[in-house]
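Each remark here refers to the structure printed beneath this line.
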Amino acid sequence: MRHLVELGDGVRIGLFPVTVGEYSLFVRAGGRSPSVWQGDEPPRHLVDHPVTDVSWFDAMSYCRWFSDRLGWEVRLPTGDQWTTAAGGSDGRLYPWGDVFDPSRCNTWESGDARTTPVDAHPDGRSPLGVWDLAGNVWEWTAEADRGGWRALRGGSWYDTGPGVCIARRLLADPCLPTPNVGFRVVVVERR
């Protein structure tokens with residue numbers, strides 16, 4: 001399937017975070033639009049950027065909608081799946097290796113001070129070829145703590161180099177959408 005990378009056992013992860021353009025299909029089908037949009041219409045200049053201002057619950061609604069549309073199970077990645085996609089299973093600090101390089105991702109050092117297109121940093125891909133796993137937007141995952149907060153992975157455009165390393169995770173209120181948080185999906189073949 002296009003734009004998915006095999007992780008094993010019938011699980012595939014999105015090559016990119018879910019984009020504004022992809023999310024707009026969900027909004028047009030009745031999903032909640034991010035507060036920064038004008039109704040159901042996304043900002044046209046951001047269609048290839050990761051969607052932001054979505055809560056964990058919004059991301060889960062998108063997954064249910066996409067599951068129904070695709071016919072396979074679509075969900076948020078577990079922490080282990082996200083780490084595998086990022087290349088962290090071999091202990092590396094960043095998807096590309098152990099030395100931070102702001103030209104490989106969108107962080108504070110990059111100077112963009114906002115999201116960038118999901119394919120803007122080809123040299124930042126992980127060993128599996130997955131894009132944008134360091135910087136640009138934090139990504140909701142299926143991980144949770146005992147209080148119900150959800151884990152974010154990957155860091156964002158607002159973080160500095162140490163904040164986007166693979167091992168870092170941040171707990172967040174699942175009800176709170178913010179301008180530096182998005183998500184990517186995993187697809188599981190129904191057997």
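Each chain of the structure tokens is named A, B, ... in the order shown, its residues numbered from 1; ligands are numbered from 1 in display order.
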Closest pair table for segment 10-101 of chain A residues within 9 Å of segment 114-120 of chain A, only C-alpha atoms, as a Markdown table:
```
| residue | atom | partner | partner_atom | distance |
| --- | --- | --- | --- | --- |
| A:Phe16 | CA | A:Val118 | CA | 6.2 |
| A:Pro17 | CA | A:Val118 | CA | 6.9 |
| A:Val18 | CA | A:Val118 | CA | 8.8 |
| A:Thr19 | CA | A:Val118 | CA | 7.5 |
| A:Leu46 | CA | A:Pro117 | CA | 7.6 |
| A:Val47 | CA | A:Pro117 | CA | 8.2 |
| A:Asp48 | CA | A:Pro117 | CA | 5.1 |
| A:His49 | CA | A:Pro117 | CA | 4.2 |
| A:Pro50 | CA | A:Val118 | CA | 6.2 |
| A:Thr52 | CA | A:Thr115 | CA | 8.9 |
```
Please produce a file of the residues just selected, as a PDB file, in the first residue's frame, where the atoms kept are C-alpha atoms.
```
ATOM      1  CA  PHE A  16       4.507  10.710   6.900  1.00  0.00           C
ATOM      2  CA  PRO A  17       2.409  12.288   9.652  1.00  0.00           C
ATOM      3  CA  VAL A  18      -1.221  12.801   8.641  1.00  0.00           C
ATOM      4  CA  THR A  19      -1.318  15.982   6.557  1.00  0.00           C
ATOM      5  CA  LEU A  46      -0.701  24.101   4.523  1.00  0.00           C
ATOM      6  CA  VAL A  47      -2.202  21.066   2.744  1.00  0.00           C
ATOM      7  CA  ASP A  48       1.152  19.229   2.688  1.00  0.00           C
ATOM      8  CA  HIS A  49       2.020  20.167   6.288  1.00  0.00           C
ATOM      9  CA  PRO A  50       1.182  17.877   9.210  1.00  0.00           C
ATOM     10  CA  THR A  52      -2.073  20.267  14.064  1.00  0.00           C
TER      11      THR A  52
END
```
Report task. Once DSSP has gone over the backbone, tell me which residues of chain A are in strand (DSSP E or B), as JSON, numbers by chain. Result -> {"A": [4, 5, 6, 7, 8, 11, 12, 13, 14, 19, 38, 41, 50, 73, 74, 75, 94, 97, 106, 135, 138, 139, 140, 141, 142, 143, 144, 150, 151, 152, 153, 169, 170, 171, 172, 181, 182, 183, 186, 187, 188]}
Query raised in the report: Which residues come within 7 Å of Asp53 of chain A, counting only C-alpha atoms, excluding same-chain residues fewer than 3 positions away, as a PyMOL selection string?
Result: chain A and resi 34-35+177-179+181
Requested in this report: Compile the contact shell of Ser33 of chain A as a VMD selection string: residues with an atom at most 9 Å away, counting only C-alpha atoms, same-chain residues fewer than 6 positions apart removed.
Outcome: chain A and resid 23 to 24 26 to 27 39 to 42 53 to 54 58
Would you mind exporting C-alpha atoms of the selected residues as a short mmCIF file (atom, residue, chain, number, x, y, z; two decimals), in the first residue's frame?
```cif
data_model
loop_
_atom_site.label_atom_id
_atom_site.label_comp_id
_atom_site.auth_asym_id
_atom_site.auth_seq_id
_atom_site.Cartn_x
_atom_site.Cartn_y
_atom_site.Cartn_z
CA TYR A 23 -7.34 15.32 7.50
CA SER A 24 -9.59 17.62 5.47
CA PHE A 26 -12.21 13.41 7.43
CA VAL A 27 -13.53 16.89 8.28
CA GLY A 39 -14.99 25.97 9.04
CA ASP A 40 -14.36 22.78 7.04
CA GLU A 41 -11.76 24.36 4.78
CA PRO A 42 -8.09 24.00 5.64
CA ASP A 53 -4.50 21.47 16.69
CA VAL A 54 -5.99 17.99 17.03
CA ASP A 58 -9.66 13.80 17.38
#
```
Query raised in the report: Within 12 Å of Ala85 of chain A, counting only C-alpha atoms, which residues qualify if same-chain residues fewer than 4 places away don't, as a ChimeraX atom specification?
Result: /A:4-8,11-16,77-81,89-90,94-96,125-134,153-154,166,184-186
Keeping N, CA and C atoms, export the residues of the selection given above as a short mmCIF file (atom, residue, chain, number, x, y, z; two decimals), in the first residue's frame.
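Result file is again-v7.cif:
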```
data_model
loop_
_atom_site.label_atom_id
_atom_site.label_comp_id
_atom_site.auth_asym_id
_atom_site.auth_seq_id
_atom_site.Cartn_x
_atom_site.Cartn_y
_atom_site.Cartn_z
N LEU A 4 2.90 3.65 3.20
CA LEU A 4 3.01 2.88 4.43
C LEU A 4 4.31 2.08 4.40
N VAL A 5 4.91 1.90 5.57
CA VAL A 5 6.16 1.15 5.69
C VAL A 5 5.92 -0.04 6.60
N GLU A 6 6.35 -1.21 6.17
CA GLU A 6 6.17 -2.46 6.91
C GLU A 6 7.01 -2.45 8.19
N LEU A 7 6.35 -2.75 9.32
CA LEU A 7 7.06 -2.90 10.59
C LEU A 7 7.16 -4.35 11.00
N GLY A 8 6.39 -5.23 10.36
CA GLY A 8 6.37 -6.66 10.69
C GLY A 8 5.02 -7.07 11.24
N VAL A 11 1.78 -5.18 10.36
CA VAL A 11 1.62 -3.81 10.83
C VAL A 11 2.45 -2.90 9.94
N ARG A 12 1.81 -1.82 9.46
CA ARG A 12 2.49 -0.83 8.64
C ARG A 12 2.29 0.54 9.28
N ILE A 13 3.30 1.39 9.18
CA ILE A 13 3.21 2.73 9.74
C ILE A 13 3.22 3.76 8.62
N GLY A 14 2.54 4.87 8.85
CA GLY A 14 2.50 5.93 7.85
C GLY A 14 3.89 6.46 7.55
N LEU A 15 4.18 6.62 6.27
CA LEU A 15 5.46 7.16 5.83
C LEU A 15 5.64 8.60 6.34
N PHE A 16 4.53 9.32 6.46
CA PHE A 16 4.51 10.71 6.90
C PHE A 16 3.46 10.87 8.01
N PRO A 77 0.16 4.56 16.67
CA PRO A 77 1.22 3.59 16.98
C PRO A 77 1.46 3.46 18.47
N THR A 78 1.88 2.26 18.87
CA THR A 78 2.36 2.09 20.24
C THR A 78 3.73 2.76 20.34
N GLY A 79 4.23 2.90 21.53
CA GLY A 79 5.57 3.46 21.70
C GLY A 79 6.63 2.63 21.02
N ASP A 80 6.51 1.30 21.12
CA ASP A 80 7.48 0.40 20.48
C ASP A 80 7.42 0.50 18.96
N GLN A 81 6.22 0.59 18.41
CA GLN A 81 6.09 0.72 16.95
C GLN A 81 6.70 2.04 16.48
N SER A 89 15.54 1.16 17.72
CA SER A 89 15.80 -0.18 18.24
C SER A 89 17.30 -0.49 18.30
N ASP A 90 18.12 0.27 17.57
CA ASP A 90 19.57 0.05 17.64
C ASP A 90 20.26 1.05 18.57
N TYR A 94 18.88 9.85 17.05
CA TYR A 94 17.99 10.49 16.07
C TYR A 94 17.75 9.51 14.93
N PRO A 95 16.70 9.70 14.14
CA PRO A 95 16.45 8.77 13.04
C PRO A 95 17.64 8.60 12.08
N TRP A 96 18.47 9.59 11.93
CA TRP A 96 19.61 9.55 11.00
C TRP A 96 20.92 9.15 11.67
N ARG A 125 15.22 11.06 7.17
CA ARG A 125 14.46 9.80 7.20
C ARG A 125 15.14 8.76 8.09
N SER A 126 14.32 7.88 8.64
CA SER A 126 14.82 6.79 9.47
C SER A 126 15.39 5.68 8.59
N PRO A 127 16.07 4.69 9.18
CA PRO A 127 16.58 3.57 8.38
C PRO A 127 15.49 2.83 7.59
N LEU A 128 14.24 2.87 8.07
CA LEU A 128 13.13 2.24 7.34
C LEU A 128 12.56 3.17 6.27
N GLY A 129 13.06 4.40 6.19
CA GLY A 129 12.58 5.34 5.20
C GLY A 129 11.41 6.19 5.65
N VAL A 130 11.10 6.20 6.95
CA VAL A 130 9.98 6.97 7.47
C VAL A 130 10.43 8.41 7.72
N TRP A 131 9.59 9.36 7.29
CA TRP A 131 9.91 10.79 7.34
C TRP A 131 9.36 11.47 8.59
N ASP A 132 10.00 12.55 8.98
CA ASP A 132 9.48 13.50 9.97
C ASP A 132 9.28 12.91 11.36
N LEU A 133 10.16 12.03 11.78
CA LEU A 133 10.04 11.44 13.12
C LEU A 133 10.80 12.24 14.18
N ALA A 134 11.51 13.27 13.76
CA ALA A 134 12.19 14.18 14.69
C ALA A 134 11.81 15.60 14.28
N ARG A 153 5.45 11.71 20.95
CA ARG A 153 6.81 11.34 20.56
C ARG A 153 7.29 12.25 19.45
N GLY A 154 8.62 12.42 19.34
CA GLY A 154 9.24 13.06 18.19
C GLY A 154 9.62 14.52 18.30
N ILE A 166 14.96 10.29 19.78
CA ILE A 166 14.02 9.17 19.70
C ILE A 166 13.49 8.76 21.07
N ARG A 184 0.51 10.34 13.37
CA ARG A 184 0.60 9.45 12.21
C ARG A 184 -0.13 8.18 12.60
N VAL A 185 -0.41 7.35 11.63
CA VAL A 185 -1.20 6.14 11.89
C VAL A 185 -0.39 4.88 11.60
N VAL A 186 -0.88 3.78 12.20
CA VAL A 186 -0.45 2.45 11.79
C VAL A 186 -1.67 1.73 11.25
#
```
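Closest approach to Phe66 of chain A from the set A:Gly87, A:Gly31, A:Gly147, A:Gly155 is made by A:Gly31, with distances taken over only C-alpha atoms.
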Query - Å distance separating atom CA of Asp173 of chain A from atom CA of Gly148 of chain A, one decimal place - result: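 Separation of atom CA of Asp173 of chain A and atom CA of Gly148 of chain A: 7.9 Å.
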Query raised in the report: Looking at A:Gln38, A:Ser55, A:Ser67, A:Ser156, which one is nearest to Glu109 of chain A, with distances taken over only C-alpha atoms?
Result: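 Of all the options, A:Ser156 lies closest to Glu109 of chain A.
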**Report entry** Non-local contacts of Phe183 of chain A (8 Å; only C-alpha atoms; under 6 positions in same chain excluded) as a list in words
**Finding:**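 Listing them by chain and then by number gives Pro17, Val18, Pro50, Val51, Ala59, Leu76, Val137, Trp138, Glu139, Trp140 and Thr141 of chain A.
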